[in-house]
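Novice: Supplied structure: upload08.cif, mmCIF, C-alpha atoms.
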data_data
loop_
_atom_site.label_atom_id
_atom_site.label_comp_id
_atom_site.auth_asym_id
_atom_site.auth_seq_id
_atom_site.Cartn_x
_atom_site.Cartn_y
_atom_site.Cartn_z
CA MET A 1 -13.52 9.85 90.15
CA THR A 2 -11.44 10.97 87.17
CA GLU A 3 -8.61 13.36 87.93
CA THR A 4 -8.94 16.59 85.99
CA ALA A 5 -6.07 18.44 84.34
CA ARG A 6 -6.41 21.15 86.96
CA ASP A 7 -6.08 18.63 89.78
CA ARG A 8 -3.02 17.14 88.13
CA GLY A 9 -1.55 20.61 87.79
CA LYS A 10 -2.09 21.34 91.48
CA ARG A 11 -0.42 18.04 92.35
CA TRP A 12 2.60 18.90 90.20
CA VAL A 13 2.89 22.34 91.78
CA LYS A 14 2.66 20.86 95.28
CA LEU A 15 5.44 18.40 94.42
CA GLY A 16 7.55 21.21 93.02
CA GLN A 17 7.20 23.12 96.28
CA PHE A 18 8.74 20.22 98.23
CA ARG A 19 11.81 22.09 99.45
CA GLU A 20 14.06 19.03 99.76
CA LEU A 21 13.29 17.75 96.26
CA ASN A 22 16.63 18.83 94.80
CA VAL A 23 18.52 17.13 97.61
CA LEU A 24 16.41 13.98 97.33
CA VAL A 25 17.01 13.75 93.58
CA ALA A 26 20.76 14.22 94.10
CA PHE A 27 20.74 11.45 96.72
CA PHE A 28 19.01 8.96 94.42
CA LEU A 29 21.29 9.84 91.51
CA LEU A 30 24.34 9.22 93.70
CA CYS A 31 22.95 5.87 94.82
CA LEU A 32 22.29 4.86 91.20
CA PHE A 33 25.78 5.93 90.14
CA PHE A 34 27.61 3.97 92.83
CA TYR A 35 25.33 0.96 92.33
CA TRP A 36 26.16 1.09 88.62
CA ARG A 37 29.87 1.25 89.40
CA ARG A 38 29.97 -1.44 92.13
CA PRO A 39 26.72 -3.46 92.15
CA ASP A 40 28.55 -6.35 93.82
CA ILE A 41 29.26 -4.31 96.97
CA PHE A 42 27.09 -1.22 97.23
CA VAL A 43 23.72 -2.82 98.05
CA LYS A 44 25.00 -5.59 100.31
CA PRO A 45 23.39 -5.43 103.78
CA ALA A 46 26.78 -5.03 105.46
CA ASN A 47 27.66 -2.05 103.26
CA LEU A 48 24.24 -0.47 103.71
CA ALA A 49 24.72 -0.81 107.48
CA VAL A 50 28.01 1.08 107.21
CA ILE A 51 26.25 3.89 105.33
CA MET A 52 23.43 4.03 107.87
CA ARG A 53 25.88 4.26 110.77
CA PHE A 54 27.57 7.17 109.03
CA ILE A 55 24.20 8.86 108.50
CA ALA A 56 23.28 8.27 112.15
CA THR A 57 26.49 9.89 113.40
CA PHE A 58 26.46 12.98 111.22
CA GLY A 59 22.68 13.19 111.01
CA MET A 60 22.35 13.74 114.78
CA LEU A 61 25.16 16.30 114.78
CA ALA A 62 23.60 18.02 111.76
CA ILE A 63 20.18 18.25 113.44
CA GLY A 64 21.80 20.15 116.32
CA GLU A 65 23.58 22.42 113.85
CA VAL A 66 20.32 23.06 111.99
CA LEU A 67 18.63 24.34 115.14
CA ILE A 68 21.50 26.71 115.87
CA ILE A 69 22.05 27.86 112.29
CA ILE A 70 18.33 28.63 111.88
CA THR A 71 18.67 31.10 114.75
CA GLY A 72 21.70 32.69 113.12
CA GLY A 73 24.42 30.94 115.15
CA ILE A 74 27.02 28.21 114.68
CA ASP A 75 28.47 25.44 116.84
CA LEU A 76 32.10 24.50 116.20
CA SER A 77 32.43 22.36 119.32
CA VAL A 78 30.44 19.24 118.40
CA GLY A 79 33.44 17.21 117.17
CA SER A 80 35.41 17.77 120.38
CA MET A 81 32.24 17.36 122.45
CA LEU A 82 31.79 13.96 120.83
CA ALA A 83 35.29 12.90 121.91
CA PHE A 84 34.90 14.36 125.40
CA THR A 85 31.53 12.73 126.11
CA GLY A 86 32.72 9.39 124.74
CA VAL A 87 35.68 9.50 127.11
CA ILE A 88 33.47 10.53 130.04
CA THR A 89 31.05 7.67 129.38
CA ALA A 90 33.82 5.06 129.13
CA TRP A 91 35.64 6.44 132.17
CA MET A 92 32.53 6.28 134.36
CA MET A 93 31.73 2.72 133.31
CA LEU A 94 35.27 1.36 133.54
CA LYS A 95 36.91 3.36 136.32
CA GLY A 96 34.21 5.28 138.16
CA VAL A 97 34.51 8.87 139.40
CA GLY A 98 37.00 9.50 142.21
CA PRO A 99 36.07 7.28 145.17
CA ILE A 100 32.87 6.18 143.40
CA PRO A 101 33.24 2.72 141.78
CA PRO A 102 32.35 2.09 138.12
CA ILE A 103 28.81 3.17 137.24
CA ASP A 104 26.20 1.09 135.43
CA ILE A 105 25.44 1.72 131.77
CA VAL A 106 22.17 3.65 132.06
CA PRO A 107 23.27 6.09 134.80
CA ALA A 108 26.56 6.72 133.00
CA ILE A 109 24.74 7.52 129.75
CA LEU A 110 22.24 9.79 131.48
CA ILE A 111 24.99 11.69 133.32
CA THR A 112 26.86 12.15 130.02
CA LEU A 113 23.76 13.48 128.26
CA VAL A 114 23.17 15.95 131.07
CA ILE A 115 26.78 17.12 130.84
CA GLY A 116 26.37 17.66 127.09
CA ALA A 117 23.17 19.64 127.57
CA LEU A 118 24.80 21.77 130.30
CA ILE A 119 27.74 22.61 128.02
CA GLY A 120 25.26 23.61 125.33
CA LEU A 121 23.42 25.70 127.94
CA TRP A 122 26.74 27.35 128.78
CA HIS A 123 27.18 28.28 125.11
CA GLY A 124 23.69 29.72 124.98
CA LEU A 125 24.22 31.85 128.08
CA PHE A 126 27.49 33.28 126.74
CA VAL A 127 25.86 34.09 123.39
CA THR A 128 22.64 35.61 124.76
CA LYS A 129 23.61 37.17 128.09
CA LEU A 130 27.19 38.26 127.41
CA GLY A 131 26.92 38.87 123.67
CA ILE A 132 29.88 36.62 122.84
CA PRO A 133 29.86 35.60 119.15
CA PRO A 134 28.89 31.92 118.76
CA PHE A 135 31.99 31.31 116.68
CA ILE A 136 34.26 32.34 119.57
CA ILE A 137 32.60 30.57 122.49
CA THR A 138 32.11 27.28 120.63
CA LEU A 139 35.65 27.46 119.27
CA GLY A 140 36.83 27.80 122.86
CA THR A 141 34.90 24.67 123.83
CA TYR A 142 36.31 22.94 120.75
CA LEU A 143 39.79 23.35 122.26
CA ILE A 144 38.84 22.86 125.91
CA ALA A 145 36.78 19.68 125.47
CA ARG A 146 39.41 17.81 123.51
CA GLY A 147 42.13 18.97 125.87
CA VAL A 148 40.17 17.81 128.93
CA ALA A 149 39.49 14.44 127.27
CA ALA A 150 43.19 13.98 126.52
CA ASN A 151 44.15 15.03 130.04
CA ILE A 152 41.70 12.59 131.66
CA THR A 153 42.97 9.63 129.67
CA ARG A 154 46.59 10.83 129.30
CA GLY A 155 46.05 10.15 125.61
CA TYR A 156 45.25 6.46 126.07
CA PRO A 157 41.85 5.09 124.98
CA GLN A 158 39.52 3.56 127.56
CA VAL A 159 38.77 0.18 125.99
CA PHE A 160 35.73 -2.00 126.71
CA ASP A 161 35.91 -5.78 126.79
CA SER A 162 34.55 -7.40 123.64
CA GLY A 163 31.49 -8.79 125.40
CA HIS A 164 30.53 -5.63 127.28
CA PRO A 165 26.74 -5.03 127.00
CA PHE A 166 27.32 -1.32 126.30
CA LEU A 167 28.64 -2.22 122.85
CA ILE A 168 25.21 -3.28 121.60
CA LEU A 169 24.19 0.38 121.39
CA GLY A 170 26.69 1.26 118.66
CA GLN A 171 27.44 -2.16 117.16
CA GLY A 172 24.05 -3.83 117.36
CA ASP A 173 21.33 -3.91 114.74
CA LEU A 174 17.64 -4.67 114.43
CA ALA A 175 18.32 -8.37 113.96
CA ALA A 176 20.02 -8.52 117.36
CA VAL A 177 17.19 -6.60 119.03
CA LEU A 178 14.49 -8.82 117.54
CA ASN A 179 16.61 -11.96 117.96
CA LEU A 180 16.35 -12.79 114.24
CA LYS A 181 19.62 -14.76 114.29
CA GLY A 182 20.75 -13.81 110.81
CA GLU A 183 17.32 -14.14 109.24
CA GLY A 184 16.55 -10.44 109.01
CA GLY A 185 18.39 -9.82 105.74
CA ALA A 186 18.74 -6.16 104.78
CA LEU A 187 16.00 -5.14 107.22
CA GLY A 188 17.74 -6.87 110.08
CA ALA A 189 20.98 -5.03 109.25
CA ILE A 190 19.50 -1.65 110.23
CA PRO A 191 21.77 -0.37 113.04
CA ILE A 192 20.33 0.61 116.40
CA SER A 193 22.04 3.99 116.03
CA PHE A 194 20.05 4.63 112.84
CA LEU A 195 16.80 3.83 114.65
CA ILE A 196 17.80 6.31 117.36
CA LEU A 197 18.42 8.92 114.65
CA LEU A 198 14.93 8.38 113.25
CA GLY A 199 13.43 8.84 116.71
CA ILE A 200 15.40 12.04 117.34
CA ALA A 201 14.56 13.35 113.88
CA GLY A 202 10.84 12.72 114.38
CA LEU A 203 10.83 14.50 117.74
CA VAL A 204 12.80 17.56 116.58
CA SER A 205 10.76 17.79 113.38
CA LEU A 206 7.58 17.73 115.45
CA ILE A 207 8.91 20.56 117.61
CA LEU A 208 9.94 22.67 114.61
CA ASN A 209 6.79 22.22 112.57
CA HIS A 210 3.95 21.76 115.04
CA THR A 211 4.74 23.64 118.25
CA PRO A 212 4.92 27.33 119.21
CA LEU A 213 8.60 26.81 120.09
CA GLY A 214 9.32 25.74 116.53
CA TYR A 215 7.59 28.81 115.10
CA ARG A 216 9.64 30.99 117.46
CA ILE A 217 12.89 29.33 116.38
CA TYR A 218 12.18 30.23 112.74
CA ALA A 219 11.03 33.71 113.76
CA VAL A 220 14.28 34.38 115.62
CA GLY A 221 16.27 33.27 112.59
CA GLY A 222 14.16 35.27 110.17
CA ASN A 223 14.42 38.58 112.02
CA ILE A 224 15.62 38.60 115.60
CA GLU A 225 14.48 42.15 116.35
CA ALA A 226 11.04 41.60 114.86
CA ALA A 227 10.72 38.41 116.90
CA ARG A 228 11.70 40.25 120.08
CA LEU A 229 9.20 43.05 119.39
CA SER A 230 6.45 40.49 118.78
CA GLY A 231 6.92 39.08 122.27
CA VAL A 232 9.24 36.13 121.61
CA ASN A 233 11.73 35.40 124.39
CA VAL A 234 14.68 35.36 122.01
CA ASP A 235 17.27 34.45 124.62
CA ARG A 236 15.29 31.44 125.83
CA VAL A 237 14.80 30.17 122.27
CA ARG A 238 18.49 30.44 121.42
CA ILE A 239 19.57 28.82 124.69
CA PHE A 240 17.23 25.90 123.95
CA CYS A 241 18.87 25.40 120.54
CA TYR A 242 22.41 25.41 121.95
CA ALA A 243 21.45 23.07 124.79
CA THR A 244 19.83 20.68 122.31
CA SER A 245 22.94 20.71 120.13
CA GLY A 246 25.07 19.87 123.17
CA PHE A 247 22.70 17.06 124.12
CA LEU A 248 22.80 15.58 120.60
CA ALA A 249 26.61 15.85 120.48
CA ALA A 250 26.78 13.95 123.78
CA LEU A 251 24.37 11.31 122.51
CA THR A 252 26.47 10.89 119.37
CA GLY A 253 29.60 10.62 121.52
CA VAL A 254 28.02 7.84 123.59
CA ILE A 255 26.94 5.93 120.49
CA LEU A 256 30.33 6.33 118.80
CA ALA A 257 32.15 5.15 121.92
CA SER A 258 29.94 2.07 121.86
CA ARG A 259 30.56 1.56 118.16
CA LEU A 260 34.36 1.84 118.51
CA GLY A 261 34.42 -0.12 121.76
CA GLN A 262 36.42 2.62 123.44
CA GLY A 263 36.39 6.20 124.60
CA THR A 264 39.27 8.04 122.95
CA PRO A 265 40.19 11.74 122.77
CA VAL A 266 41.36 11.53 119.15
CA VAL A 267 37.98 10.70 117.62
CA GLY A 268 35.73 13.34 116.05
CA ALA A 269 38.37 15.43 114.27
CA ALA A 270 36.63 17.77 111.79
CA TYR A 271 33.24 16.22 112.56
CA GLU A 272 31.83 19.69 113.19
CA LEU A 273 32.67 20.60 109.59
CA TRP A 274 30.98 17.45 108.32
CA ALA A 275 27.89 18.25 110.38
CA ILE A 276 27.73 21.83 109.11
CA ALA A 277 28.27 20.58 105.56
CA ALA A 278 25.41 18.07 105.92
CA ALA A 279 23.12 20.83 107.17
CA VAL A 280 24.06 23.18 104.32
CA ILE A 281 23.80 20.48 101.64
CA GLY A 282 20.35 19.69 103.06
CA GLY A 283 19.16 23.25 102.45
CA THR A 284 19.89 25.01 105.74
CA SER A 285 20.84 28.61 105.04
CA LEU A 286 23.94 29.93 106.80
CA LEU A 287 22.16 33.30 106.93
CA GLY A 288 19.58 31.83 109.30
CA GLY A 289 15.83 31.45 109.27
CA GLU A 290 15.71 28.42 106.99
CA GLY A 291 16.37 24.71 107.47
CA THR A 292 14.66 21.39 108.13
CA VAL A 293 15.43 18.14 109.91
CA LEU A 294 14.69 16.13 106.78
CA GLY A 295 17.15 18.26 104.85
CA ALA A 296 19.84 17.64 107.45
CA ILE A 297 19.34 13.87 107.26
CA LEU A 298 19.36 13.94 103.45
CA GLY A 299 22.54 16.01 103.55
CA ALA A 300 24.15 13.48 105.87
CA ALA A 301 22.89 10.69 103.59
CA ILE A 302 24.47 12.31 100.53
CA MET A 303 27.79 12.66 102.31
CA GLY A 304 27.56 9.11 103.66
CA VAL A 305 26.84 7.64 100.23
CA MET A 306 29.59 9.73 98.64
CA GLN A 307 32.20 8.71 101.18
CA ASN A 308 31.23 5.05 101.10
CA GLY A 309 31.01 5.02 97.32
CA MET A 310 34.45 6.56 96.94
CA VAL A 311 35.88 3.97 99.32
CA VAL A 312 34.37 1.02 97.44
CA MET A 313 35.69 2.57 94.20
CA ASN A 314 39.19 2.78 95.77
CA ILE A 315 39.45 6.55 95.41
CA SER A 316 42.32 7.92 97.52
CA SER A 317 41.54 9.72 100.78
CA TYR A 318 43.19 12.88 99.44
CA ALA A 319 40.89 12.96 96.44
CA GLN A 320 37.92 12.28 98.72
CA ASP A 321 38.64 15.46 100.67
CA VAL A 322 38.82 17.45 97.44
CA ILE A 323 35.54 16.03 96.18
CA LEU A 324 33.67 16.50 99.46
CA GLY A 325 34.99 20.05 99.81
CA SER A 326 33.88 20.83 96.27
CA VAL A 327 30.41 19.50 97.03
CA LEU A 328 30.17 21.80 100.04
CA VAL A 329 31.19 24.82 97.96
CA VAL A 330 28.60 23.94 95.33
CA ALA A 331 25.95 23.58 98.04
CA VAL A 332 26.71 27.02 99.49
CA VAL A 333 26.69 28.64 96.04
CA TYR A 334 23.42 26.93 95.23
CA ASP A 335 21.89 28.10 98.52
CA THR A 336 22.92 31.70 97.81
CA MET A 337 21.49 31.62 94.29
CA ARG A 338 18.31 29.87 95.43
CA ARG A 339 17.64 32.50 98.08
CA GLY A 340 17.99 35.09 95.35
CA GLY A 341 15.40 33.28 93.23
CA ARG A 342 17.87 32.64 90.42
CA PHE A 343 18.31 28.91 90.67
CA ASP A 344 14.93 27.32 91.30
CA PHE A 345 14.64 24.82 88.46
CA TRP A 346 12.06 22.49 89.95
CA LYS A 347 9.53 25.09 91.01
CA LYS A 348 9.53 26.65 87.54
CA TRP A 349 9.30 23.28 85.81
CA PHE A 350 6.49 21.95 87.96
CA SER A 351 4.58 25.22 87.68
CA SER A 352 4.73 24.88 83.90
CA GLN A 353 3.02 21.48 84.19
CA ALA A 354 0.01 23.03 85.92
#
Here is the file; what I need is its structure written in the form of structure tokens.
Specialist:
Amino acid sequence: MTETARDRGKRWVKLGQFRELNVLVAFFLLCLFFYWRRPDIFVKPANLAVIMRFIATFGMLAIGEVLIIITGGIDLSVGSMLAFTGVITAWMMLKGVGPIPPIDIVPAILITLVIGALIGLWHGLFVTKLGIPPFIITLGTYLIARGVAANITRGYPQVFDSGHPFLILGQGDLAAVLNLKGEGGALGAIPISFLILLGIAGLVSLILNHTPLGYRIYAVGGNIEAARLSGVNVDRVRIFCYATSGFLAALTGVILASRLGQGTPVVGAAYELWAIAAAVIGGTSLLGGEGTVLGAILGAAIMGVMQNGMVVMNISSYAQDVILGSVLVVAVVYDTMRRGGRFDFWKKWFSSQA
């Protein structure tokens, strides 16, 4: 059947309404630029694996931030939570808890994830039941968690032996899982942590887009009073988002401890800012009510490609901070203008093709 001009026009309009299109285009342009500058390094499987591990780390943190920011909150504790949960995991596996001897890998991970979710639950209760601003309570945890981690270890990292099976979680890839023995090429270089990110992203996206809970999360962010009057249990929705963010921060801490081969209280500095930046670059509005999982992952991907590309181009770390900070400012300005309907290039262009 021949496609009519009207059908083509509808297809163009539908493509123009794809909310992450701007971010996706920016991501591909960045990839093309860094490939053009360093084709000998950028697309090598080892380098792509480095980028994917970066995306996995900040993508999971950004997904938690997206849930909270949609409801009008913020979580400044995820960087310190990452360090704290990494230390807890390593401590339980290597030293045990009090009189209890060292714990096996799976129980230690599960206990750590529960601890992360409970800390997120604690945030949610303070925000909803006591009316404490999210900025304050999560800032308090930001200081407490890192301090507790440093006190537990006395500042010394808890190091795993090189052959410890726990390390496969953060250092392993698809080739190791499928026993490809170096024959997997670029596909085999996909890190396990990236596969975990995809699973988490699919689950959270399903919740946001296809369940009543997801509709309530957006409703709370859009207008909290209207949501309450329409029968939404606002407190329960917000507590769920904070608990999920705590769970994802703990999961990221476990994976990063495995990747580094140690639990250390100094890791995760400023990671909360990177996570928030990834969410904002991906289209999540700091005013609440708007954001997607795909946008968060694309935001993390843009930051991962930028950081990796600047490293392979030998740009100094000081200049990297300036560039990444500038990108965040541009993203916030763009978000503000887009919400005002003044900066929507693609929608106008695609509508003109109809």
Novice: Looking at A:Ala243, A:Glu65, A:Leu213, A:Thr141, which one is nearest to Ser285 of chain A, with distances taken over only C-alpha atoms?
Specialist: A:Glu65
Novice: Could you tell me which residues the PyMOL selection byres ((chain A and resi 25-42) around 9) returns for this structure, as a PyMOL selection string?
Specialist: chain A and resi 20-24+43-48+298-299+301-302+305-306+308-310+312-313
Novice: Spell out the residues picked by the PyMOL selection byres ((chain A and resi 327) around 12) here, as number ranges by chain.
Specialist: A: 26, 274, 277-278, 280-282, 299, 302-303, 306-307, 320-326, 328-334
Novice: Out of A:Thr252, A:Asn151, A:Ser258, A:Asn314, which residue has the shortest atom-to-atom distance to Ala275 of chain A when counting only C-alpha atoms?
Specialist: A:Thr252
Novice: Convert the output of the PyMOL selection byres ((chain A and resi 201-206) around 9) on the shown file into explicit residues, formatted as a PyMOL selection string.
Specialist: chain A and resi 59-60+63+196-200+207-211+214+292-294+297
Novice: So the first atom is atom CA of Trp91 of chain A and the second is atom CA of Val148 of chain A; what is the distance between them in Å, to one decimal place?
Specialist: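 One can read the atom CA of Trp91 of chain A to atom CA of Val148 of chain A distance as 12.7 Å.
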Novice: Saving segment 156-168 of chain A with N, CA and C atoms, as a short mmCIF file (atom, residue, chain, number, x, y, z; two decimals), in the first residue's frame, what would that file be?
Specialist:
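What landed in part.cif:
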data_model
loop_
_atom_site.label_atom_id
_atom_site.label_comp_id
_atom_site.auth_asym_id
_atom_site.auth_seq_id
_atom_site.Cartn_x
_atom_site.Cartn_y
_atom_site.Cartn_z
N TYR A 156 40.18 3.61 56.27
CA TYR A 156 40.91 2.66 55.44
C TYR A 156 39.94 1.85 54.58
N PRO A 157 40.24 1.65 53.31
CA PRO A 157 39.36 0.85 52.45
C PRO A 157 39.35 -0.62 52.85
N GLN A 158 38.23 -1.26 52.63
CA GLN A 158 38.09 -2.70 52.85
C GLN A 158 38.29 -3.40 51.51
N VAL A 159 39.46 -4.00 51.32
CA VAL A 159 39.89 -4.47 50.00
C VAL A 159 39.61 -5.97 49.84
N PHE A 160 39.04 -6.32 48.68
CA PHE A 160 38.80 -7.72 48.34
C PHE A 160 40.04 -8.32 47.68
N ASP A 161 40.23 -9.61 47.85
CA ASP A 161 41.27 -10.31 47.11
C ASP A 161 40.95 -10.28 45.62
N SER A 162 41.98 -10.34 44.80
CA SER A 162 41.78 -10.21 43.35
C SER A 162 40.88 -11.28 42.77
N GLY A 163 40.84 -12.45 43.36
CA GLY A 163 40.01 -13.52 42.80
C GLY A 163 38.66 -13.68 43.46
N HIS A 164 38.26 -12.72 44.28
CA HIS A 164 36.99 -12.83 45.00
C HIS A 164 35.82 -12.86 44.01
N PRO A 165 34.87 -13.80 44.16
CA PRO A 165 33.77 -13.91 43.20
C PRO A 165 32.85 -12.69 43.17
N PHE A 166 32.85 -11.89 44.24
CA PHE A 166 32.02 -10.68 44.27
C PHE A 166 32.42 -9.70 43.18
N LEU A 167 33.67 -9.73 42.76
CA LEU A 167 34.18 -8.75 41.80
C LEU A 167 33.57 -8.90 40.42
N ILE A 168 33.00 -10.06 40.12
CA ILE A 168 32.42 -10.27 38.79
C ILE A 168 31.26 -9.32 38.54
#
